[in-house]
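coords.cif follows; it contains mmCIF, C-alpha atoms.
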data_protein
#
loop_
_atom_site.group_PDB
_atom_site.id
_atom_site.type_symbol
_atom_site.label_atom_id
_atom_site.label_comp_id
_atom_site.auth_asym_id
_atom_site.auth_seq_id
_atom_site.Cartn_x
_atom_site.Cartn_y
_atom_site.Cartn_z
ATOM 1 C CA MET J 138 41.162 -60.094 -80.536
ATOM 2 C CA SER J 139 41.256 -62.876 -77.934
ATOM 3 C CA ILE J 140 43.362 -66.048 -78.244
ATOM 4 C CA LYS J 141 40.189 -68.030 -78.982
ATOM 5 C CA GLN J 142 39.223 -65.630 -81.758
ATOM 6 C CA LEU J 143 42.787 -65.697 -83.108
ATOM 7 C CA ASN J 144 42.744 -69.508 -83.182
ATOM 8 C CA ASN J 145 39.482 -69.501 -85.090
ATOM 9 C CA THR J 146 40.500 -66.933 -87.676
ATOM 10 C CA LYS J 147 40.936 -68.172 -91.237
ATOM 11 C CA THR J 148 43.366 -65.393 -92.091
ATOM 12 C CA PRO J 149 46.818 -66.940 -92.530
ATOM 13 C CA ILE J 150 50.063 -65.712 -91.067
ATOM 14 C CA VAL J 151 51.918 -64.249 -94.036
ATOM 15 C CA LYS J 152 55.674 -63.765 -94.185
ATOM 16 C CA ILE J 153 56.543 -60.448 -95.812
ATOM 17 C CA ASN J 154 59.123 -60.803 -98.580
ATOM 18 C CA PRO J 155 60.411 -57.377 -99.740
ATOM 19 C CA ALA J 156 61.611 -58.971 -102.999
ATOM 20 C CA LEU J 157 57.946 -59.195 -104.031
ATOM 21 C CA ASN J 158 57.311 -55.458 -103.650
ATOM 22 C CA ASP J 159 58.489 -54.792 -107.219
ATOM 23 C CA LEU J 160 55.942 -57.227 -108.644
ATOM 24 C CA ALA J 161 52.949 -55.651 -106.923
ATOM 25 C CA GLY J 162 52.430 -52.879 -109.483
ATOM 26 C CA LYS J 163 53.114 -55.003 -112.551
ATOM 27 C CA ASN J 164 50.550 -56.561 -114.840
ATOM 28 C CA LEU J 165 51.502 -60.202 -114.336
ATOM 29 C CA PHE J 166 48.407 -61.730 -115.941
ATOM 30 C CA PRO J 167 47.647 -59.340 -118.838
ATOM 31 C CA GLU J 168 45.202 -61.630 -120.646
ATOM 32 C CA LYS J 169 43.148 -62.315 -117.511
ATOM 33 C CA LEU J 170 43.118 -58.649 -116.572
ATOM 34 C CA ARG J 171 41.993 -57.730 -120.094
ATOM 35 C CA LYS J 172 39.119 -60.251 -119.865
ATOM 36 C CA ALA J 173 38.129 -58.970 -116.420
ATOM 37 C CA ASN J 174 38.067 -55.377 -117.665
ATOM 38 C CA GLU J 175 36.063 -56.398 -120.712
ATOM 39 C CA THR J 176 33.402 -58.250 -118.686
ATOM 40 C CA LEU J 177 33.125 -55.534 -116.037
ATOM 41 C CA GLU J 178 32.838 -52.825 -118.690
ATOM 42 C CA LYS J 179 30.335 -54.690 -120.849
ATOM 43 C CA PHE J 180 28.111 -56.239 -118.177
ATOM 44 C CA GLY J 181 28.656 -54.000 -115.168
ATOM 45 C CA VAL J 182 28.768 -55.316 -111.618
ATOM 46 C CA PRO J 183 26.142 -56.877 -109.365
ATOM 47 C CA LYS J 184 24.530 -54.834 -106.663
ATOM 48 C CA MET J 185 26.918 -55.582 -103.837
ATOM 49 C CA ASN J 186 26.661 -54.842 -100.195
ATOM 50 C CA ASP J 187 27.826 -51.369 -99.238
ATOM 51 C CA GLN J 188 29.082 -52.101 -95.768
ATOM 52 C CA LYS J 189 29.913 -48.534 -94.804
ATOM 53 C CA MET T 117 37.394 -75.116 -94.049
ATOM 54 C CA LYS T 118 40.318 -76.286 -91.884
ATOM 55 C CA ARG T 119 42.470 -77.599 -94.699
ATOM 56 C CA GLU T 120 46.198 -77.984 -94.879
ATOM 57 C CA LYS T 121 47.839 -74.998 -96.565
ATOM 58 C CA TYR T 122 51.272 -73.886 -97.668
ATOM 59 C CA GLN T 123 53.119 -70.994 -96.006
ATOM 60 C CA LEU T 124 52.477 -67.755 -97.900
ATOM 61 C CA GLU T 125 54.954 -64.967 -98.559
ATOM 62 C CA SER T 126 53.791 -61.579 -99.739
ATOM 63 C CA ASP T 127 54.817 -58.047 -100.633
ATOM 64 C CA ALA T 128 54.306 -55.414 -97.953
ATOM 65 C CA ASN T 129 50.779 -54.506 -99.136
ATOM 66 C CA LEU T 130 49.545 -58.054 -99.774
ATOM 67 C CA PHE T 131 48.987 -57.752 -103.522
ATOM 68 C CA VAL T 132 51.417 -60.515 -104.543
ATOM 69 C CA PHE T 133 51.678 -63.885 -102.793
ATOM 70 C CA GLU T 134 54.066 -66.753 -103.379
ATOM 71 C CA PHE T 135 54.180 -70.267 -102.023
ATOM 72 C CA ILE T 136 55.911 -73.530 -102.885
ATOM 73 C CA SER T 137 53.942 -76.588 -103.921
ATOM 74 C CA ILE T 138 55.701 -79.789 -102.879
ATOM 75 C CA GLY T 139 54.865 -83.134 -104.460
ATOM 76 C CA PRO T 140 55.988 -85.909 -106.803
ATOM 77 C CA LYS T 141 57.017 -83.358 -109.459
ATOM 78 C CA GLY T 142 59.244 -81.594 -106.956
ATOM 79 C CA LYS T 143 59.016 -78.036 -105.654
ATOM 80 C CA ILE T 144 56.997 -75.664 -107.799
ATOM 81 C CA LEU T 145 56.815 -71.958 -107.075
ATOM 82 C CA LYS T 146 53.254 -70.609 -107.270
ATOM 83 C CA LEU T 147 52.223 -66.992 -107.512
ATOM 84 C CA VAL T 148 48.910 -65.268 -106.734
ATOM 85 C CA HIS T 149 48.427 -61.662 -107.843
ATOM 86 C CA TYR T 150 45.614 -59.222 -107.048
ATOM 87 C CA SER T 151 45.695 -56.409 -109.615
ATOM 88 C CA GLU T 152 43.263 -53.537 -109.787
ATOM 89 C CA THR T 153 41.020 -53.431 -112.851
ATOM 90 C CA ASN T 154 39.924 -50.258 -114.635
ATOM 91 C CA LEU T 155 37.086 -50.119 -112.122
ATOM 92 C CA LYS T 156 38.342 -48.662 -108.859
ATOM 93 C CA GLY T 157 38.116 -51.117 -105.970
ATOM 94 C CA TYR T 158 37.670 -54.138 -108.232
ATOM 95 C CA TYR T 159 40.644 -56.503 -108.428
ATOM 96 C CA ASN T 160 41.419 -59.387 -110.720
ATOM 97 C CA ILE T 161 42.989 -62.454 -109.138
ATOM 98 C CA GLY T 162 45.655 -64.177 -111.219
ATOM 99 C CA PHE T 163 47.261 -67.471 -110.282
ATOM 100 C CA GLY T 164 49.988 -69.503 -111.925
ATOM 101 C CA ASP T 165 53.367 -71.216 -111.768
ATOM 102 C CA LYS T 166 56.452 -69.024 -111.643
ATOM 103 C CA ASP T 167 59.663 -70.112 -113.300
ATOM 104 C CA GLU T 168 62.325 -69.415 -110.691
ATOM 105 C CA VAL T 169 65.032 -68.922 -113.339
ATOM 106 C CA THR T 170 63.266 -66.724 -115.906
ATOM 107 C CA GLY T 171 60.629 -65.240 -113.573
ATOM 108 C CA LYS T 172 57.996 -65.973 -116.233
ATOM 109 C CA ILE T 173 54.506 -66.918 -115.068
ATOM 110 C CA ASN T 174 52.396 -69.606 -116.664
ATOM 111 C CA ASP T 175 48.708 -69.677 -115.757
ATOM 112 C CA THR T 176 47.736 -72.501 -118.119
ATOM 113 C CA SER T 177 50.149 -75.218 -117.020
ATOM 114 C CA ILE T 178 48.773 -78.359 -115.387
ATOM 115 C CA THR T 179 51.211 -79.190 -112.628
ATOM 116 C CA ASN T 180 49.809 -82.529 -111.397
ATOM 117 C CA ASN T 181 51.840 -82.289 -108.219
ATOM 118 C CA GLY T 182 49.265 -84.284 -106.260
ATOM 119 C CA ASP T 183 48.340 -81.392 -103.977
ATOM 120 C CA SER T 184 45.548 -79.569 -105.806
ATOM 121 C CA GLN T 185 43.319 -79.315 -102.702
ATOM 122 C CA LYS T 186 46.187 -77.919 -100.627
ATOM 123 C CA VAL T 187 47.053 -75.457 -103.411
ATOM 124 C CA LEU T 188 43.415 -74.328 -103.702
ATOM 125 C CA ALA T 189 43.178 -73.935 -99.909
ATOM 126 C CA THR T 190 46.349 -71.812 -100.006
ATOM 127 C CA VAL T 191 44.947 -69.565 -102.745
ATOM 128 C CA VAL T 192 41.748 -69.179 -100.689
ATOM 129 C CA SER T 193 43.834 -68.277 -97.622
ATOM 130 C CA SER T 194 45.515 -65.534 -99.696
ATOM 131 C CA LEU T 195 41.996 -64.216 -100.339
ATOM 132 C CA TYR T 196 41.444 -63.973 -96.584
ATOM 133 C CA ALA T 197 44.756 -62.141 -96.123
ATOM 134 C CA PHE T 198 44.115 -59.783 -99.050
ATOM 135 C CA THR T 199 40.586 -58.884 -97.964
ATOM 136 C CA GLU T 200 41.698 -58.466 -94.357
ATOM 137 C CA ARG T 201 44.105 -55.739 -95.555
ATOM 138 C CA HIS T 202 41.756 -54.403 -98.266
ATOM 139 C CA PRO T 203 38.269 -54.988 -96.802
ATOM 140 C CA ASP T 204 36.426 -52.935 -99.427
ATOM 141 C CA ALA T 205 37.990 -54.781 -102.351
ATOM 142 C CA ARG T 206 35.819 -56.764 -104.722
ATOM 143 C CA ILE T 207 37.645 -59.603 -106.427
ATOM 144 C CA TYR T 208 36.963 -60.810 -109.947
ATOM 145 C CA ALA T 209 37.989 -64.428 -110.575
ATOM 146 C CA GLU T 210 37.959 -66.358 -113.814
ATOM 147 C CA GLY T 211 39.891 -69.502 -114.697
ATOM 148 C CA SER T 212 42.454 -69.341 -117.495
ATOM 149 C CA THR T 213 40.437 -72.057 -119.257
ATOM 150 C CA ASP T 214 36.784 -73.144 -119.132
ATOM 151 C CA GLY T 215 37.880 -76.358 -117.411
ATOM 152 C CA ARG T 216 39.690 -74.449 -114.706
ATOM 153 C CA THR T 217 36.704 -72.136 -114.140
ATOM 154 C CA ARG T 218 34.574 -75.286 -113.773
ATOM 155 C CA LEU T 219 37.012 -76.630 -111.169
ATOM 156 C CA TYR T 220 36.738 -73.345 -109.255
ATOM 157 C CA ARG T 221 32.942 -73.682 -109.325
ATOM 158 C CA ILE T 222 33.143 -77.253 -108.012
ATOM 159 C CA GLY T 223 35.549 -76.159 -105.264
ATOM 160 C CA ILE T 224 33.266 -73.279 -104.295
ATOM 161 C CA THR T 225 30.185 -75.534 -104.272
ATOM 162 C CA LYS T 226 31.918 -78.058 -101.989
ATOM 163 C CA ASN T 227 32.672 -75.324 -99.461
ATOM 164 C CA LEU T 228 29.712 -73.053 -100.096
ATOM 165 C CA SER T 229 28.374 -72.860 -96.549
ATOM 166 C CA ASP T 230 31.804 -71.904 -95.183
ATOM 167 C CA ILE T 231 32.450 -69.406 -97.972
ATOM 168 C CA LYS T 232 29.079 -67.716 -97.503
ATOM 169 C CA LYS T 233 29.863 -67.110 -93.827
ATOM 170 C CA ASP T 234 32.757 -64.874 -94.827
ATOM 171 C CA PHE T 235 32.079 -63.639 -98.372
ATOM 172 C CA TYR T 236 29.378 -62.331 -100.651
ATOM 173 C CA LEU T 237 29.668 -64.385 -103.816
ATOM 174 C CA PHE T 238 28.304 -63.656 -107.283
ATOM 175 C CA CYS T 239 28.391 -65.633 -110.506
ATOM 176 C CA PHE T 240 28.566 -64.269 -114.051
ATOM 177 C CA ASP T 241 26.584 -66.675 -116.234
ATOM 178 C CA GLY T 242 27.607 -65.136 -119.554
ATOM 179 C CA SER T 243 24.966 -62.431 -119.666
ATOM 180 C CA GLN T 244 24.340 -61.245 -116.113
ATOM 181 C CA TRP T 245 25.544 -61.353 -112.523
ATOM 182 C CA LEU T 246 23.596 -63.592 -110.153
ATOM 183 C CA GLU T 247 24.012 -64.527 -106.537
ATOM 184 C CA PHE T 248 25.972 -67.791 -106.481
ATOM 185 C CA GLU T 249 23.896 -70.899 -105.941
ATOM 186 C CA GLU T 250 24.694 -74.584 -106.208
ATOM 187 C CA GLY T 251 24.341 -75.910 -109.750
ATOM 188 C CA ILE T 252 24.659 -72.526 -111.412
ATOM 189 C CA LYS T 253 27.031 -72.330 -114.401
ATOM 190 C CA CYS T 254 29.547 -69.520 -114.097
ATOM 191 C CA GLN T 255 32.045 -67.934 -116.446
ATOM 192 C CA ALA T 256 33.434 -65.734 -113.697
ATOM 193 C CA PHE T 257 32.976 -64.911 -110.027
ATOM 194 C CA LEU T 258 32.896 -61.758 -107.972
ATOM 195 C CA ILE T 259 33.717 -61.908 -104.294
ATOM 196 C CA GLN T 260 33.445 -59.424 -101.439
ATOM 197 C CA ARG T 261 34.458 -60.019 -97.833
ATOM 198 C CA LYS T 262 31.750 -59.717 -95.205
ATOM 199 C CA ILE T 263 32.884 -57.494 -92.427
ATOM 200 C CA ILE T 264 32.427 -59.263 -89.115
ATOM 201 C CA THR T 265 32.721 -57.272 -85.927
ATOM 202 C CA PHE T 266 33.843 -59.157 -82.853
ATOM 203 C CA VAL T 267 31.731 -58.476 -79.780
ATOM 204 C CA LYS T 268 33.354 -58.781 -76.335
#
Encoded form (structure tokens):
Amino acid sequence: MSIKQLNNTKTPIVKINPALNDLAGKNLFPEKLRKANETLEKFGVPKMNDQK
Amino acid sequence: MKREKYQLESDANLFVFEFISIGPKGKILKLVHYSETNLKGYYNIGFGDKDEVTGKINDTSITNNGDSQKVLATVVSSLYAFTERHPDARIYAEGSTDGRTRLYRIGITKNLSDIKKDFYLFCFDGSQWLEFEEGIKCQAFLIQRKIITFVK
């Protein structure tokens, strides 16, 4: 990627904090995850772009 | 969407992000979490305040720290980072309250042309998934990053 492309990218520079590694596999928002699972199971998913 | 954002910190695989909101109410630690649903490749995004002492997360609190646009821009930037690392991921987003989901919809509508350059965006209207359009009422959103190949 060129400097111009890098300057235009919207992806932020993220500082890695190893203290957060333990949280990654936890269910931190159980109610929201339950609702997401319920909607996806009941109503399926839209036809999304298969980019491969 | 060149908005001011907070510095993000993350775990090594970019599933959990933290940042600090700074405003009249002081410094408030915010957390964004992408967790996989029962459907492989589909992730739920959770967002809330983290109590630095107890570690507990509250996704219904109204912080009123005078920086809601900057906070929203920071959450969106986490979406860019997450989908850069996990380009095939599809992200399910729903506010913790109807009012918050409505605010998400307003925020999306304001920045729709920018968002559509980078993401496929769908709206769940309560009975079916539709492609997101201005004015549409949504209970939830589904987002997928468009893969853009740079040409020399």
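Using all atoms listed in the file, the shortest contact distance between Leu258 of chain T and any of T:Asn160, T:Ser194, T:Thr153, T:Asn129 is found at T:Asn160.
The coordinates place atom CA of Leu170 of chain J at 8.4 Å from atom CA of Ile161 of chain T.
Every residue that the PyMOL selection byres ((chain J) within 7 of (chain T)) selects in this file is listed here: Lys147, Thr148, Pro149, Val151, Lys152, Ile153, Asn154, Pro155, Leu157, Asn158, Leu160, Ala161, Phe166, Leu170, Ala173, Asn174, Phe180, Val182 and Pro183 of chain J.
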Between atom CA of Glu250 of chain T and atom CA of Ile178 of chain T, what is the distance in Å, rounded to a tenth?
26.0 Å
Neighbours of segment 139-145 of chain T within 10 Å (only C-alpha atoms; same-chain residues fewer than 6 positions away dropped), as a compact mmCIF listing (two decimals) with C-alpha atoms, in the frame of the given file?
# COMPACT_ATOMS: atom_id res chain seq x y z
CA GLY T 164 49.99 -69.50 -111.92
CA ASP T 165 53.37 -71.22 -111.77
CA LYS T 166 56.45 -69.02 -111.64
CA ASP T 167 59.66 -70.11 -113.30
CA GLU T 168 62.32 -69.42 -110.69
CA ILE T 173 54.51 -66.92 -115.07
CA THR T 179 51.21 -79.19 -112.63
CA ASN T 180 49.81 -82.53 -111.40
CA ASN T 181 51.84 -82.29 -108.22
CA GLY T 182 49.26 -84.28 -106.26
CA ASP T 183 48.34 -81.39 -103.98
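Taking atom CA of Ile231 of chain T and atom CA of Lys186 of chain T as endpoints, the distance between them is 16.4 Å.
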Using all atoms listed in the file, the shortest atom-to-atom distance to Met185 of chain J among T:Tyr220, T:Thr170, T:Lys253, T:Phe235 belongs to T:Phe235
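Of the listed residues T:Thr213, T:Ser177, T:His202, T:Gly251, the one whose atoms come nearest to Lys226 of chain T is T:Gly251, with distances taken using only C-alpha atoms.
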Selecting N, CA and C atoms, how would segment 185-209 of chain T from this structure be written as a PDB file, in the first residue's frame?
ATOM      1  N   GLN T 185     -20.835  11.900  19.055  1.00  0.00           N
ATOM      2  CA  GLN T 185     -20.399  11.722  17.661  1.00  0.00           C
ATOM      3  C   GLN T 185     -18.997  11.111  17.597  1.00  0.00           C
ATOM      4  N   LYS T 186     -18.132  11.561  18.513  1.00  0.00           N
ATOM      5  CA  LYS T 186     -16.762  11.036  18.544  1.00  0.00           C
ATOM      6  C   LYS T 186     -16.771   9.568  18.983  1.00  0.00           C
ATOM      7  N   VAL T 187     -17.653   9.250  19.937  1.00  0.00           N
ATOM      8  CA  VAL T 187     -17.774   7.860  20.404  1.00  0.00           C
ATOM      9  C   VAL T 187     -18.285   6.971  19.264  1.00  0.00           C
ATOM     10  N   LEU T 188     -19.321   7.448  18.562  1.00  0.00           N
ATOM     11  CA  LEU T 188     -19.883   6.665  17.452  1.00  0.00           C
ATOM     12  C   LEU T 188     -18.828   6.469  16.354  1.00  0.00           C
ATOM     13  N   ALA T 189     -18.083   7.527  16.052  1.00  0.00           N
ATOM     14  CA  ALA T 189     -17.025   7.424  15.034  1.00  0.00           C
ATOM     15  C   ALA T 189     -15.951   6.417  15.473  1.00  0.00           C
ATOM     16  N   THR T 190     -15.690   6.342  16.768  1.00  0.00           N
ATOM     17  CA  THR T 190     -14.691   5.396  17.273  1.00  0.00           C
ATOM     18  C   THR T 190     -15.204   3.957  17.158  1.00  0.00           C
ATOM     19  N   VAL T 191     -16.483   3.764  17.466  1.00  0.00           N
ATOM     20  CA  VAL T 191     -17.071   2.421  17.320  1.00  0.00           C
ATOM     21  C   VAL T 191     -17.026   2.006  15.849  1.00  0.00           C
ATOM     22  N   VAL T 192     -17.357   2.942  14.954  1.00  0.00           N
ATOM     23  CA  VAL T 192     -17.306   2.641  13.512  1.00  0.00           C
ATOM     24  C   VAL T 192     -15.871   2.301  13.100  1.00  0.00           C
ATOM     25  N   SER T 193     -14.888   3.016  13.657  1.00  0.00           N
ATOM     26  CA  SER T 193     -13.496   2.716  13.286  1.00  0.00           C
ATOM     27  C   SER T 193     -13.092   1.320  13.771  1.00  0.00           C
ATOM     28  N   SER T 194     -13.690   0.870  14.898  1.00  0.00           N
ATOM     29  CA  SER T 194     -13.411  -0.508  15.348  1.00  0.00           C
ATOM     30  C   SER T 194     -13.960  -1.512  14.334  1.00  0.00           C
ATOM     31  N   LEU T 195     -15.070  -1.121  13.689  1.00  0.00           N
ATOM     32  CA  LEU T 195     -15.673  -1.987  12.660  1.00  0.00           C
ATOM     33  C   LEU T 195     -14.723  -2.136  11.465  1.00  0.00           C
ATOM     34  N   TYR T 196     -14.059  -1.036  11.116  1.00  0.00           N
ATOM     35  CA  TYR T 196     -13.067  -1.100  10.035  1.00  0.00           C
ATOM     36  C   TYR T 196     -11.911  -2.014  10.426  1.00  0.00           C
ATOM     37  N   ALA T 197     -11.426  -1.863  11.670  1.00  0.00           N
ATOM     38  CA  ALA T 197     -10.295  -2.683  12.120  1.00  0.00           C
ATOM     39  C   ALA T 197     -10.687  -4.158  12.170  1.00  0.00           C
ATOM     40  N   PHE T 198     -11.881  -4.430  12.732  1.00  0.00           N
ATOM     41  CA  PHE T 198     -12.337  -5.814  12.868  1.00  0.00           C
ATOM     42  C   PHE T 198     -12.496  -6.485  11.504  1.00  0.00           C
ATOM     43  N   THR T 199     -13.131  -5.768  10.569  1.00  0.00           N
ATOM     44  CA  THR T 199     -13.385  -6.376   9.259  1.00  0.00           C
ATOM     45  C   THR T 199     -12.138  -6.399   8.369  1.00  0.00           C
ATOM     46  N   GLU T 200     -11.144  -5.595   8.728  1.00  0.00           N
ATOM     47  CA  GLU T 200      -9.860  -5.686   8.026  1.00  0.00           C
ATOM     48  C   GLU T 200      -9.191  -7.022   8.394  1.00  0.00           C
ATOM     49  N   ARG T 201      -9.271  -7.378   9.682  1.00  0.00           N
ATOM     50  CA  ARG T 201      -8.676  -8.626  10.175  1.00  0.00           C
ATOM     51  C   ARG T 201      -9.542  -9.834   9.840  1.00  0.00           C
ATOM     52  N   HIS T 202     -10.872  -9.628   9.831  1.00  0.00           N
ATOM     53  CA  HIS T 202     -11.821 -10.732   9.602  1.00  0.00           C
ATOM     54  C   HIS T 202     -12.726 -10.348   8.424  1.00  0.00           C
ATOM     55  N   PRO T 203     -12.172 -10.334   7.211  1.00  0.00           N
ATOM     56  CA  PRO T 203     -12.918  -9.764   6.065  1.00  0.00           C
ATOM     57  C   PRO T 203     -14.193 -10.510   5.695  1.00  0.00           C
ATOM     58  N   ASP T 204     -14.308 -11.770   6.071  1.00  0.00           N
ATOM     59  CA  ASP T 204     -15.520 -12.525   5.728  1.00  0.00           C
ATOM     60  C   ASP T 204     -16.623 -12.393   6.781  1.00  0.00           C
ATOM     61  N   ALA T 205     -16.317 -11.719   7.868  1.00  0.00           N
ATOM     62  CA  ALA T 205     -17.281 -11.626   8.967  1.00  0.00           C
ATOM     63  C   ALA T 205     -18.501 -10.809   8.553  1.00  0.00           C
ATOM     64  N   ARG T 206     -19.641 -11.241   9.052  1.00  0.00           N
ATOM     65  CA  ARG T 206     -20.874 -10.462   8.914  1.00  0.00           C
ATOM     66  C   ARG T 206     -21.266 -10.028  10.326  1.00  0.00           C
ATOM     67  N   ILE T 207     -21.586  -8.777  10.493  1.00  0.00           N
ATOM     68  CA  ILE T 207     -21.789  -8.248  11.840  1.00  0.00           C
ATOM     69  C   ILE T 207     -23.251  -7.870  12.047  1.00  0.00           C
ATOM     70  N   TYR T 208     -23.807  -8.445  13.100  1.00  0.00           N
ATOM     71  CA  TYR T 208     -25.186  -8.155  13.505  1.00  0.00           C
ATOM     72  C   TYR T 208     -25.139  -7.050  14.548  1.00  0.00           C
ATOM     73  N   ALA T 209     -25.935  -5.999  14.363  1.00  0.00           N
ATOM     74  CA  ALA T 209     -25.943  -4.883  15.307  1.00  0.00           C
ATOM     75  C   ALA T 209     -27.371  -4.523  15.673  1.00  0.00           C
TER      76      ALA T 209
END
